[in-house]
>>> print(open('start-v4.txt').read())   # compact mmCIF, C-alpha atoms
# COMPACT_ATOMS: atom_id res chain seq x y z
CA MET V 5 15.38 0.62 -118.08
CA GLU V 6 14.52 0.29 -121.76
CA LYS V 7 10.86 1.21 -122.33
CA ILE V 8 10.28 1.55 -118.58
CA LEU V 9 6.93 3.22 -119.21
CA ASP V 10 5.53 -0.13 -120.32
CA ILE V 11 5.21 -1.10 -116.64
CA VAL V 12 3.26 2.02 -115.64
CA ASP V 13 -0.19 0.53 -116.31
CA ALA V 14 0.72 -2.72 -114.57
CA ILE V 15 1.90 -0.89 -111.43
CA ALA V 16 -1.16 1.38 -111.51
CA HIS V 17 -3.53 -1.60 -111.73
CA GLU V 18 -1.75 -3.57 -108.99
CA LYS V 19 -1.50 -0.67 -106.54
CA GLY V 20 -4.82 0.99 -107.31
CA LEU V 21 -3.18 4.22 -108.53
CA THR V 22 -3.72 6.38 -111.58
CA PRO V 23 -1.04 6.14 -114.34
CA GLU V 24 -0.22 9.83 -113.78
CA LYS V 25 0.67 9.20 -110.14
CA VAL V 26 2.85 6.24 -111.09
CA LYS V 27 4.69 8.37 -113.65
CA GLU V 28 5.34 11.06 -111.03
CA ALA V 29 6.67 8.39 -108.65
CA LEU V 30 9.01 7.06 -111.38
CA LYS V 31 10.34 10.54 -112.15
CA THR V 32 11.01 11.17 -108.47
CA ALA V 33 12.75 7.78 -108.22
CA PHE V 34 15.08 8.68 -111.14
CA ILE V 35 15.98 12.03 -109.56
CA GLN V 36 16.68 10.51 -106.13
CA THR V 37 18.76 7.71 -107.67
CA ALA V 38 20.86 10.28 -109.53
CA LYS V 39 21.46 12.17 -106.31
CA ARG V 40 22.69 8.98 -104.67
CA VAL V 41 24.90 7.53 -107.41
CA ILE V 42 26.11 10.67 -109.26
CA ASP V 43 26.26 13.75 -107.01
CA PRO V 44 23.79 14.83 -104.30
CA ASN V 45 24.53 18.52 -104.93
CA PHE V 46 23.53 18.54 -108.58
CA ALA V 47 20.06 19.72 -109.68
CA TYR V 48 18.25 17.10 -111.77
CA GLU V 49 15.10 16.95 -113.82
CA ALA V 50 13.31 13.88 -115.16
CA THR V 51 10.94 14.05 -118.12
CA ILE V 52 8.70 11.50 -119.80
CA ASN V 53 9.71 10.61 -123.35
CA ASP V 54 6.57 9.12 -124.90
CA ALA V 55 8.30 8.39 -128.19
CA THR V 56 10.93 6.08 -126.69
CA LYS V 57 8.84 5.12 -123.63
CA THR V 58 11.72 6.06 -121.38
CA ILE V 59 12.46 8.70 -118.76
CA ASP V 60 15.14 11.22 -119.72
CA LEU V 61 17.34 12.38 -116.86
CA VAL V 62 19.22 15.67 -117.18
CA GLN V 63 21.35 17.79 -114.89
CA ILE V 64 20.20 21.43 -114.76
CA ILE V 65 22.89 24.14 -114.60
CA THR V 66 21.85 27.79 -114.30
CA VAL V 67 24.01 30.46 -115.93
CA VAL V 68 24.94 33.33 -113.58
CA ALA V 69 27.27 36.34 -113.63
CA ASP V 70 30.99 35.79 -113.07
CA ASP V 71 30.90 37.73 -109.80
CA ASP V 72 27.79 35.97 -108.41
CA GLU V 73 28.42 35.23 -104.71
CA ARG V 74 26.59 31.91 -104.94
CA LEU V 75 29.51 30.49 -106.93
CA ASN V 76 31.46 30.47 -103.64
CA ASP V 77 28.83 28.43 -101.82
CA GLU V 78 29.87 24.76 -101.86
CA GLU V 79 26.29 23.50 -101.69
CA ILE V 80 24.79 25.73 -104.39
CA ALA V 81 27.81 26.09 -106.71
CA PRO V 82 27.37 22.67 -108.44
CA THR V 83 23.99 23.87 -109.82
CA LEU V 84 25.48 27.10 -111.26
CA MET V 85 27.97 28.08 -113.98
CA ALA V 86 29.65 31.44 -114.61
CA ILE V 87 28.63 33.01 -117.92
CA SER V 88 32.23 33.22 -119.17
CA GLU V 89 32.64 29.47 -118.68
CA ALA V 90 29.24 28.72 -120.21
CA ARG V 91 30.12 30.66 -123.37
CA ASP V 92 33.02 28.30 -123.96
CA TYR V 93 30.31 25.74 -124.74
CA ASP V 94 27.75 28.03 -126.34
CA ASP V 95 28.51 31.61 -127.30
CA GLN V 96 24.78 32.43 -127.50
CA VAL V 97 24.09 31.71 -123.85
CA GLU V 98 22.62 34.46 -121.64
CA LEU V 99 22.23 35.05 -117.89
CA ASP V 100 19.64 32.81 -116.19
CA ASP V 101 19.66 30.35 -119.06
CA GLN V 102 19.54 26.74 -118.01
CA LEU V 103 21.97 24.25 -119.50
CA GLN V 104 21.00 20.61 -119.61
CA VAL V 105 23.54 17.82 -119.23
CA PRO V 106 22.05 14.38 -119.97
CA HIS V 107 22.80 11.42 -117.68
CA ASP V 108 22.19 7.72 -118.21
CA LEU V 109 21.80 5.65 -115.05
CA GLU V 110 22.68 2.49 -116.98
CA GLU V 111 26.27 3.73 -117.08
CA TYR V 112 26.46 3.12 -113.33
CA GLY V 113 25.88 -0.62 -113.72
CA ARG V 114 24.31 -2.79 -111.06
CA THR V 115 24.71 -0.09 -108.43
CA GLY V 116 22.52 2.30 -110.39
CA ALA V 117 19.99 -0.40 -111.28
CA SER V 118 19.58 -1.73 -107.74
CA GLN V 119 19.35 1.78 -106.30
CA LEU V 120 16.72 2.72 -108.88
CA HIS V 121 14.73 -0.42 -108.05
CA ARG V 122 14.67 0.49 -104.35
CA GLU V 123 13.68 4.08 -105.11
CA ILE V 124 10.84 3.01 -107.41
CA GLU V 125 9.45 0.67 -104.73
CA TYR V 126 9.73 3.36 -102.08
CA HIS V 127 8.10 6.18 -104.07
CA VAL V 128 5.33 3.98 -105.48
CA GLN V 129 4.52 2.87 -101.92
CA ARG V 130 4.52 6.51 -100.78
CA ALA V 131 2.08 7.29 -103.60
CA VAL V 132 -0.17 4.47 -102.38
CA GLU V 133 0.00 5.77 -98.81
CA ASP V 134 -0.73 9.34 -99.92
CA ASP V 135 -3.73 8.06 -101.87
CA VAL V 136 -5.08 6.15 -98.86
CA TYR V 137 -4.32 9.07 -96.53
CA ASN V 138 -6.23 11.54 -98.70
CA LYS V 139 -9.11 9.08 -99.06
CA TYR V 140 -9.57 8.64 -95.31
CA LYS V 141 -8.74 12.26 -94.49
CA SER V 142 -11.84 13.18 -96.45
CA LYS V 143 -13.81 10.63 -94.38
CA VAL V 144 -13.11 12.25 -91.00
CA GLY V 145 -16.47 12.47 -89.21
CA THR V 146 -18.13 9.87 -91.42
CA LEU V 147 -19.36 6.40 -90.53
CA VAL V 148 -17.30 3.30 -91.33
CA THR V 149 -17.91 -0.39 -90.64
CA GLY V 150 -15.24 -2.99 -89.99
CA ARG V 151 -14.42 -6.35 -88.45
CA VAL V 152 -12.52 -6.67 -85.17
CA THR V 153 -9.16 -8.38 -85.68
CA SER V 154 -7.61 -8.02 -82.23
CA VAL V 155 -7.85 -6.38 -78.79
CA ASP V 156 -4.59 -5.45 -77.03
CA ALA V 157 -3.67 -5.27 -73.34
CA GLN V 158 -4.83 -1.61 -73.15
CA ASN V 159 -8.26 -2.67 -74.48
CA SER V 160 -7.65 -0.85 -77.76
CA THR V 161 -9.72 -2.54 -80.45
CA PHE V 162 -8.19 -3.02 -83.91
CA ILE V 163 -10.56 -3.13 -86.85
CA ASP V 164 -10.06 -3.90 -90.54
CA VAL V 165 -11.74 -1.16 -92.54
CA ASP V 166 -11.46 -1.93 -96.25
CA GLU V 167 -7.74 -2.00 -97.09
CA ILE V 168 -6.43 -0.52 -93.83
CA ARG V 169 -6.38 -1.30 -90.13
CA ALA V 170 -7.90 1.24 -87.76
CA VAL V 171 -7.89 1.47 -83.98
CA LEU V 172 -10.71 2.20 -81.55
CA PRO V 173 -9.06 3.32 -78.26
CA MET V 174 -10.73 2.42 -74.96
CA LYS V 175 -11.42 6.13 -74.29
CA SER V 176 -13.46 6.27 -77.50
CA ARG V 177 -15.67 3.32 -76.55
CA ILE V 178 -19.03 3.66 -74.84
CA LYS V 179 -18.85 2.64 -71.19
CA GLY V 180 -19.66 -1.04 -70.75
CA GLU V 181 -18.87 -1.99 -74.33
CA SER V 182 -16.62 -4.96 -75.08
CA PHE V 183 -15.66 -6.47 -78.40
CA GLU V 184 -14.27 -9.82 -79.48
CA VAL V 185 -12.37 -10.91 -82.57
CA GLY V 186 -14.78 -11.32 -85.47
CA ASP V 187 -17.33 -8.76 -84.25
CA HIS V 188 -18.56 -6.20 -86.76
CA LEU V 189 -18.94 -2.67 -85.46
CA LYS V 190 -19.71 0.85 -86.61
CA ALA V 191 -17.71 3.95 -85.70
CA VAL V 192 -16.79 7.34 -87.10
CA VAL V 193 -13.33 8.32 -88.31
CA ARG V 194 -11.99 10.68 -85.67
CA ARG V 195 -8.42 11.29 -86.80
CA VAL V 196 -6.05 10.25 -89.62
CA ASN V 197 -2.28 10.54 -89.14
CA MET V 198 0.63 9.96 -91.48
CA ASP V 199 3.91 8.93 -89.86
CA LYS V 200 7.23 8.59 -91.69
CA TYR V 201 8.06 5.32 -89.95
CA ASP V 202 4.70 3.79 -88.95
CA GLY V 203 2.75 4.82 -92.05
CA ILE V 204 -0.95 5.67 -91.82
CA SER V 205 -2.90 5.35 -88.59
CA ILE V 206 -6.66 5.83 -88.33
CA GLU V 207 -8.39 6.47 -85.01
CA LEU V 208 -12.09 5.70 -84.67
CA SER V 209 -14.66 6.87 -82.14
CA ARG V 210 -18.05 5.72 -80.83
CA THR V 211 -18.33 8.50 -78.23
CA SER V 212 -18.30 11.48 -80.59
CA PRO V 213 -21.58 13.39 -81.17
CA LYS V 214 -20.81 12.91 -84.86
CA PHE V 215 -21.32 9.15 -84.39
CA LEU V 216 -24.87 9.80 -83.15
CA GLU V 217 -25.52 12.10 -86.12
CA GLU V 218 -24.25 9.51 -88.60
CA LEU V 219 -26.42 6.78 -87.08
CA LEU V 220 -29.47 9.04 -87.31
CA THR V 221 -28.65 9.81 -90.94
CA LEU V 222 -28.42 6.08 -91.61
CA GLU V 223 -31.73 5.33 -89.88
CA VAL V 224 -33.88 8.34 -90.87
CA PRO V 225 -34.50 8.80 -94.62
CA GLU V 226 -35.65 12.40 -94.11
CA ILE V 227 -32.24 13.32 -92.68
CA LYS V 228 -30.41 11.51 -95.48
CA ASP V 229 -32.54 13.29 -98.11
CA GLY V 230 -32.05 16.71 -96.49
CA ALA V 231 -35.69 17.25 -95.54
CA VAL V 232 -34.54 17.27 -91.90
CA ILE V 233 -31.21 18.78 -90.83
CA ILE V 234 -29.32 18.01 -87.63
CA GLU V 235 -28.42 21.51 -86.50
CA LYS V 236 -26.59 20.57 -83.29
CA SER V 237 -26.03 17.57 -81.06
CA ALA V 238 -24.53 16.82 -77.66
CA ARG V 239 -24.17 13.58 -75.77
CA ILE V 240 -22.80 11.95 -72.67
CA PRO V 241 -21.93 8.56 -74.18
CA GLY V 242 -24.04 5.65 -73.01
CA GLN V 243 -26.30 7.83 -70.84
CA ARG V 244 -28.13 10.61 -72.61
CA ALA V 245 -28.04 12.82 -75.70
CA LYS V 246 -29.87 15.83 -77.10
CA VAL V 247 -30.29 16.50 -80.82
CA ALA V 248 -31.54 19.78 -82.29
CA LEU V 249 -33.42 19.25 -85.56
CA ILE V 250 -34.84 21.59 -88.16
CA SER V 251 -37.19 20.81 -91.05
CA THR V 252 -36.57 22.23 -94.52
CA HIS V 253 -40.00 21.14 -95.78
CA PRO V 254 -43.28 22.55 -94.41
CA GLN V 255 -44.97 19.15 -94.46
CA VAL V 256 -42.18 17.31 -92.63
CA ASP V 257 -42.17 17.15 -88.84
CA ALA V 258 -38.49 17.13 -87.87
CA VAL V 259 -38.95 15.54 -84.45
CA GLY V 260 -41.71 13.14 -85.44
CA SER V 261 -39.91 11.76 -88.49
CA THR V 262 -36.71 11.27 -86.49
CA VAL V 263 -38.45 9.46 -83.64
CA GLY V 264 -40.49 7.32 -86.02
CA VAL V 265 -43.74 5.45 -85.50
CA LYS V 266 -43.86 4.30 -81.86
CA GLY V 267 -40.21 5.39 -81.54
CA VAL V 268 -38.91 2.62 -83.80
CA ARG V 269 -36.23 4.78 -85.47
CA ILE V 270 -34.85 6.45 -82.37
CA ASN V 271 -34.95 3.16 -80.45
CA SER V 272 -32.84 1.50 -83.15
CA VAL V 273 -30.19 4.20 -82.79
CA SER V 274 -30.39 4.01 -78.99
CA ALA V 275 -29.78 0.25 -79.11
CA GLU V 276 -26.55 0.81 -81.07
CA LEU V 277 -25.49 3.29 -78.35
CA GLN V 278 -25.99 0.86 -75.46
CA GLY V 279 -29.42 2.21 -74.53
CA GLU V 280 -28.49 5.89 -74.59
CA ASN V 281 -31.58 8.09 -74.11
CA ILE V 282 -31.96 10.52 -77.01
CA ASP V 283 -34.00 13.73 -76.72
CA CYS V 284 -35.09 15.19 -80.06
CA ILE V 285 -35.66 18.97 -79.99
CA GLU V 286 -36.97 21.32 -82.67
CA TYR V 287 -34.28 23.92 -83.35
CA THR V 288 -34.96 27.65 -83.45
CA SER V 289 -32.59 30.58 -83.95
CA ILE V 290 -34.26 32.44 -81.05
CA PRO V 291 -31.90 31.63 -78.15
CA GLU V 292 -34.47 32.10 -75.37
CA LEU V 293 -36.99 29.78 -77.04
CA PHE V 294 -34.34 27.24 -77.99
CA LEU V 295 -33.02 27.11 -74.43
CA SER V 296 -36.50 26.59 -73.03
CA ARG V 297 -36.87 23.57 -75.31
CA VAL V 298 -33.41 22.25 -74.53
CA MET V 299 -34.11 22.33 -70.78
CA SER V 300 -36.93 19.79 -71.21
CA PRO V 301 -38.40 18.01 -69.28
CA ALA V 302 -38.17 21.00 -66.94
CA ILE V 303 -40.75 23.75 -67.46
CA ILE V 304 -39.08 27.13 -67.09
CA SER V 305 -40.58 30.55 -66.50
CA SER V 306 -38.17 32.88 -68.28
CA VAL V 307 -34.71 33.13 -69.86
CA GLU V 308 -32.31 36.05 -69.83
CA ILE V 309 -29.38 35.90 -72.29
CA VAL V 310 -26.09 37.59 -71.31
CA LYS V 311 -23.86 38.61 -74.22
CA ASP V 312 -20.19 39.54 -74.36
CA GLU V 313 -18.70 42.71 -75.88
CA GLU V 314 -18.87 41.21 -79.36
CA GLY V 315 -22.56 40.41 -78.98
CA LYS V 316 -22.08 36.67 -78.60
CA ALA V 317 -24.39 34.86 -76.17
CA VAL V 318 -22.21 33.42 -73.40
CA LYS V 319 -24.55 32.93 -70.46
CA ALA V 320 -28.22 32.20 -69.83
CA ILE V 321 -30.00 33.00 -66.58
CA VAL V 322 -32.94 30.62 -66.34
CA SER V 323 -35.79 31.35 -63.91
CA LEU V 324 -37.96 28.41 -62.93
CA PRO V 325 -40.23 27.17 -60.12
CA ALA V 326 -38.63 25.30 -57.25
CA ASP V 327 -40.30 22.03 -58.17
CA GLN V 328 -38.73 22.14 -61.66
CA LYS V 329 -35.15 22.66 -60.54
CA SER V 330 -34.32 18.98 -60.07
CA LYS V 331 -35.68 18.21 -63.55
CA ALA V 332 -33.62 21.00 -65.05
CA ILE V 333 -30.45 19.71 -63.44
CA GLY V 334 -31.17 16.05 -64.13
CA LYS V 335 -29.54 12.98 -62.61
CA SER V 336 -25.89 13.76 -61.78
CA GLY V 337 -26.34 17.09 -63.60
CA ILE V 338 -26.74 15.41 -67.00
CA ASN V 339 -29.63 17.55 -68.28
CA ILE V 340 -28.05 20.93 -67.56
CA ARG V 341 -24.65 19.77 -68.86
CA LEU V 342 -26.17 18.65 -72.16
CA ALA V 343 -28.14 21.89 -72.42
CA SER V 344 -24.96 23.89 -71.92
CA MET V 345 -23.10 21.77 -74.50
CA LEU V 346 -25.89 22.13 -77.05
CA THR V 347 -26.36 25.89 -76.66
CA GLY V 348 -22.71 26.74 -76.07
CA MET V 349 -23.67 28.87 -73.07
CA GLU V 350 -23.11 28.74 -69.33
CA ILE V 351 -26.48 28.18 -67.64
CA GLU V 352 -27.40 29.68 -64.29
CA LEU V 353 -30.61 28.53 -62.58
CA ASN V 354 -32.61 31.12 -60.69
CA GLU V 355 -35.27 29.61 -58.45
CA ILE V 356 -38.50 31.61 -58.18
CA ASP V 357 -39.73 31.96 -54.60
CA GLY V 358 -43.42 31.39 -53.78
CA ALA V 359 -44.26 30.02 -57.18
CA THR V 360 -47.81 28.76 -57.52
CA THR V 361 -48.05 25.35 -59.07
CA PRO V 362 -50.81 24.60 -61.64
CA THR V 363 -52.51 22.30 -59.10
CA GLU V 364 -52.74 25.05 -56.44
CA GLY V 365 -54.12 27.48 -58.98
CA ALA V 366 -56.85 25.07 -60.03
CA GLU V 367 -57.90 24.46 -56.41
CA SER V 368 -58.10 28.17 -55.58
CA THR V 369 -60.37 29.03 -58.53
CA GLU V 370 -62.69 26.02 -58.23
CA PRO V 371 -64.97 27.39 -55.38
CA GLU V 372 -65.52 30.67 -57.25
CA GLU V 373 -66.43 28.83 -60.45
CA LYS V 374 -68.88 26.60 -58.51
CA LYS V 375 -70.51 29.64 -56.80
CA ASP V 376 -70.92 31.40 -60.18
CA GLY V 377 -72.68 28.29 -61.52
CA VAL V 378 -75.20 28.14 -58.59
CA ASP V 379 -75.99 31.86 -58.88
CA ALA V 380 -76.64 31.47 -62.60
CA LEU V 381 -79.14 28.63 -61.97
CA GLU V 382 -80.96 30.60 -59.27
CA ALA V 383 -81.29 33.59 -61.56
CA LEU V 384 -82.65 31.37 -64.32
CA PHE V 385 -85.45 29.82 -62.25
CA ASN V 386 -86.32 32.95 -60.30
>>> encode(input="start-v4.txt", output="structure tokens")
Amino acid sequence: MEKILDIVDAIAHEKGLTPEKVKEALKTAFIQTAKRVIDPNFAYEATINDATKTIDLVQIITVVADDDERLNDEEIAPTLMAISEARDYDDQVELDDQLQVPHDLEEYGRTGASQLHREIEYHVQRAVEDDVYNKYKSKVGTLVTGRVTSVDAQNSTFIDVDEIRAVLPMKSRIKGESFEVGDHLKAVVRRVNMDKYDGISIELSRTSPKFLEELLTLEVPEIKDGAVIIEKSARIPGQRAKVALISTHPQVDAVGSTVGVKGVRINSVSAELQGENIDCIEYTSIPELFLSRVMSPAIISSVEIVKDEEGKAVKAIVSLPADQKSKAIGKSGINIRLASMLTGMEIELNEIDGATTPTEGAESTEPEEKKDGVDALEALFN
């Protein structure tokens, strides 16, 4: 243990940690070793001694009054000392002072050394895991790319992402997708867990709306630069999705730039999502107008927003012609479900009776327009 700090930089370089984190791990290892080989009830403190390049280990004893009830507690008593007893060692001591009793783990021979070695390995590894955990915890909702290493009996796909293995459960795969060992795939980090026994586990997803948003950000420079913002998104994986976009620049068309020339950008994203149809909608803070756009391709007549006691919009009553109802609902109810997901409101369709279609209106006015034209000619020549 002589000049133990000389190994700090080597450990930090090997494990990808900062020297400060390695030093904290070493101090914790010294304290835990002392608890195991000296007395688990003592209070210890480890400090870095830069001059000797060692770690000094001391036992901390707090001075309390002679009648302090804690002196009768078997668990706490070893960390305390009555003031009358403390003054036998130092007559200047006062209440709440802390006495320090130095300990040297080398005095405990091979037992102390082997225990310290195990503790250093354990706490350095925990520091590595904490570092990786914090790194990927900050990546929740972001896109990662990895190589498939295996697929288990439950069709869970295991992927190597940088220095860690992640899992893509079957429920988080788009319907019809299948992967083989060696395939490279994209996904978003859905969840990061730290388990005492199993270590770090990372769950990925390809069905999350966030995955669609990340793919769009990757494909559309205007979104990446912030000229276009994805306000909201909703999707039924592998079938259809709706994305609400807003432009932060007056000369940038949010929908047009996202779709791309001849749909090249949106088609590239759709191909990654197994042909998922993606509707791009211009976002507006006016709920009635936004809902009318979200209900596309259906053409609606009017929207009534129902709010709760707190003034939050919870329901929309949509009035529309009978021939638009099937479009509003969509195949298997996909369109209205996505609209509800995107707006966060329950949608009720109200069919308008006796609605006149644009075609009927054009036919009814045509004879009158023709008669007006003939009368005008007669008046001109007469």
>>> residues_around(input="start-v4.txt", residues="Gly348 of chain V", least_positions_apart="4", cutoff="12 Å", atoms="only C-alpha atoms", output="short mmCIF file (atom, residue, chain, number, x, y, z; two decimals) with C-alpha atoms, keeping the file's coordinate frame")
data_model
loop_
_atom_site.label_atom_id
_atom_site.label_comp_id
_atom_site.auth_asym_id
_atom_site.auth_seq_id
_atom_site.Cartn_x
_atom_site.Cartn_y
_atom_site.Cartn_z
CA LYS V 236 -26.59 20.57 -83.29
CA SER V 237 -26.03 17.57 -81.06
CA ALA V 238 -24.53 16.82 -77.66
CA PRO V 291 -31.90 31.63 -78.15
CA PHE V 294 -34.34 27.24 -77.99
CA LEU V 295 -33.02 27.11 -74.43
CA VAL V 298 -33.41 22.25 -74.53
CA ILE V 309 -29.38 35.90 -72.29
CA LYS V 316 -22.08 36.67 -78.60
CA ALA V 317 -24.39 34.86 -76.17
CA VAL V 318 -22.21 33.42 -73.40
CA LYS V 319 -24.55 32.93 -70.46
CA ALA V 320 -28.22 32.20 -69.83
CA ILE V 340 -28.05 20.93 -67.56
CA ARG V 341 -24.65 19.77 -68.86
CA LEU V 342 -26.17 18.65 -72.16
CA ALA V 343 -28.14 21.89 -72.42
CA SER V 344 -24.96 23.89 -71.92
#
>>> closest_residue(input="start-v4.txt", among="V:Thr51, V:Ser182, V:Ser305, V:Thr66", to="Ala86 of chain V", atoms="all atoms listed in the file")
V:Thr66
>>> closest_residue(input="start-v4.txt", among="V:Leu30, V:Asp100, V:Asn354, V:Val307", to="Ala326 of chain V", atoms="all atoms listed in the file")
V:Asn354
>>> closest_residue(input="start-v4.txt", among="V:Ile240, V:Leu249, V:Cys284, V:Leu21", to="Ile338 of chain V", atoms="only C-alpha atoms")
V:Ile240
>>> residues_around(input="start-v4.txt", residues="Glu73 of chain V", least_positions_apart="6", cutoff="12 Å", atoms="all atoms listed in the file", output="list in words")
Ile80, Ala81, Leu84, Met85 and Ala86 of chain V
>>> atom_distance(input="start-v4.txt", atom1="atom CA of Glu184 of chain V", atom2="atom CA of Thr153 of chain V")
8.2 Å
>>> closest_residue(input="start-v4.txt", among="V:Gln119, V:Ser88, V:Gln255, V:Ser212", to="Arg40 of chain V", atoms="only C-alpha atoms")
V:Gln119
>>> residues_around(input="start-v4.txt", residues="Thr211 of chain V", least_positions_apart="4", cutoff="8 Å", atoms="only C-alpha atoms", output="PDB file with C-alpha atoms, in the coordinates of the input")
ATOM      1  CA  SER V 176     -13.460   6.270 -77.500  1.00  0.00           C
ATOM      2  CA  ARG V 177     -15.670   3.320 -76.550  1.00  0.00           C
ATOM      3  CA  ILE V 178     -19.030   3.660 -74.840  1.00  0.00           C
ATOM      4  CA  PHE V 215     -21.320   9.150 -84.390  1.00  0.00           C
ATOM      5  CA  ILE V 240     -22.800  11.950 -72.670  1.00  0.00           C
ATOM      6  CA  PRO V 241     -21.930   8.560 -74.180  1.00  0.00           C
TER       7      PRO V 241
END
>>> atom_distance(input="start-v4.txt", atom1="atom CA of Ile233 of chain V", atom2="atom CA of Glu314 of chain V")
28.1 Å
>>> closest_residue(input="start-v4.txt", among="V:Val128, V:Leu103, V:Ile42, V:Leu75", to="Pro23 of chain V", atoms="only C-alpha atoms")
V:Val128
>>> closest_residue(input="start-v4.txt", among="V:Ser251, V:Gln278, V:Thr146, V:Ser306", to="Leu208 of chain V", atoms="only C-alpha atoms")
V:Thr146
>>> atom_distance(input="start-v4.txt", atom1="atom CA of Val263 of chain V", atom2="atom CA of Leu219 of chain V")
12.8 Å
>>> residues_around(input="start-v4.txt", residues="Val232 of chain V", least_positions_apart="4", cutoff="12 Å", atoms="all atoms listed in the file", output="list in words")
Glu217, Leu220, Thr221, Val224, Pro225, Glu226, Ile227, Lys228, Val247, Ala248, Leu249, Ile250, Ser251, Thr252, His253, Pro254, Gln255, Val256, Asp257, Ala258, Val259, Gly260, Ser261, Thr262, Glu286 and Tyr287 of chain V
>>> build_atoms(input="start-v4.txt", residues="segment 340-355 of chain V", atoms="N, CA and C atoms", output="PDB file, in the frame of the given file")
ATOM      1  N   ILE V 340     -28.579  19.567 -67.421  1.00  0.00           N
ATOM      2  CA  ILE V 340     -28.050  20.930 -67.560  1.00  0.00           C
ATOM      3  C   ILE V 340     -26.709  20.931 -68.291  1.00  0.00           C
ATOM      4  N   ARG V 341     -25.931  19.871 -68.131  1.00  0.00           N
ATOM      5  CA  ARG V 341     -24.650  19.770 -68.860  1.00  0.00           C
ATOM      6  C   ARG V 341     -24.898  19.647 -70.356  1.00  0.00           C
ATOM      7  N   LEU V 342     -25.847  18.814 -70.735  1.00  0.00           N
ATOM      8  CA  LEU V 342     -26.170  18.650 -72.160  1.00  0.00           C
ATOM      9  C   LEU V 342     -26.737  19.948 -72.738  1.00  0.00           C
ATOM     10  N   ALA V 343     -27.573  20.630 -71.958  1.00  0.00           N
ATOM     11  CA  ALA V 343     -28.140  21.890 -72.420  1.00  0.00           C
ATOM     12  C   ALA V 343     -27.051  22.925 -72.661  1.00  0.00           C
ATOM     13  N   SER V 344     -26.077  22.956 -71.767  1.00  0.00           N
ATOM     14  CA  SER V 344     -24.960  23.890 -71.920  1.00  0.00           C
ATOM     15  C   SER V 344     -24.113  23.536 -73.135  1.00  0.00           C
ATOM     16  N   MET V 345     -23.874  22.229 -73.347  1.00  0.00           N
ATOM     17  CA  MET V 345     -23.100  21.770 -74.500  1.00  0.00           C
ATOM     18  C   MET V 345     -23.812  22.101 -75.805  1.00  0.00           C
ATOM     19  N   LEU V 346     -25.127  21.926 -75.824  1.00  0.00           N
ATOM     20  CA  LEU V 346     -25.890  22.130 -77.050  1.00  0.00           C
ATOM     21  C   LEU V 346     -26.024  23.606 -77.403  1.00  0.00           C
ATOM     22  N   THR V 347     -26.179  24.462 -76.401  1.00  0.00           N
ATOM     23  CA  THR V 347     -26.360  25.890 -76.660  1.00  0.00           C
ATOM     24  C   THR V 347     -25.042  26.653 -76.698  1.00  0.00           C
ATOM     25  N   GLY V 348     -23.996  26.051 -76.114  1.00  0.00           N
ATOM     26  CA  GLY V 348     -22.710  26.740 -76.070  1.00  0.00           C
ATOM     27  C   GLY V 348     -22.677  27.858 -75.045  1.00  0.00           C
ATOM     28  N   MET V 349     -23.598  27.821 -74.084  1.00  0.00           N
ATOM     29  CA  MET V 349     -23.670  28.870 -73.070  1.00  0.00           C
ATOM     30  C   MET V 349     -23.570  28.287 -71.664  1.00  0.00           C
ATOM     31  N   GLU V 350     -23.061  29.085 -70.755  1.00  0.00           N
ATOM     32  CA  GLU V 350     -23.110  28.740 -69.330  1.00  0.00           C
ATOM     33  C   GLU V 350     -24.536  28.988 -68.850  1.00  0.00           C
ATOM     34  N   ILE V 351     -25.088  28.061 -68.089  1.00  0.00           N
ATOM     35  CA  ILE V 351     -26.480  28.180 -67.640  1.00  0.00           C
ATOM     36  C   ILE V 351     -26.533  28.357 -66.134  1.00  0.00           C
ATOM     37  N   GLU V 352     -27.213  29.407 -65.728  1.00  0.00           N
ATOM     38  CA  GLU V 352     -27.400  29.680 -64.290  1.00  0.00           C
ATOM     39  C   GLU V 352     -28.887  29.560 -63.967  1.00  0.00           C
ATOM     40  N   LEU V 353     -29.208  28.737 -62.964  1.00  0.00           N
ATOM     41  CA  LEU V 353     -30.610  28.530 -62.580  1.00  0.00           C
ATOM     42  C   LEU V 353     -30.986  29.493 -61.471  1.00  0.00           C
ATOM     43  N   ASN V 354     -32.109  30.156 -61.669  1.00  0.00           N
ATOM     44  CA  ASN V 354     -32.610  31.120 -60.690  1.00  0.00           C
ATOM     45  C   ASN V 354     -33.984  30.653 -60.223  1.00  0.00           C
ATOM     46  N   GLU V 355     -34.039  30.171 -58.989  1.00  0.00           N
ATOM     47  CA  GLU V 355     -35.270  29.610 -58.450  1.00  0.00           C
ATOM     48  C   GLU V 355     -36.226  30.726 -58.054  1.00  0.00           C
TER      49      GLU V 355
END
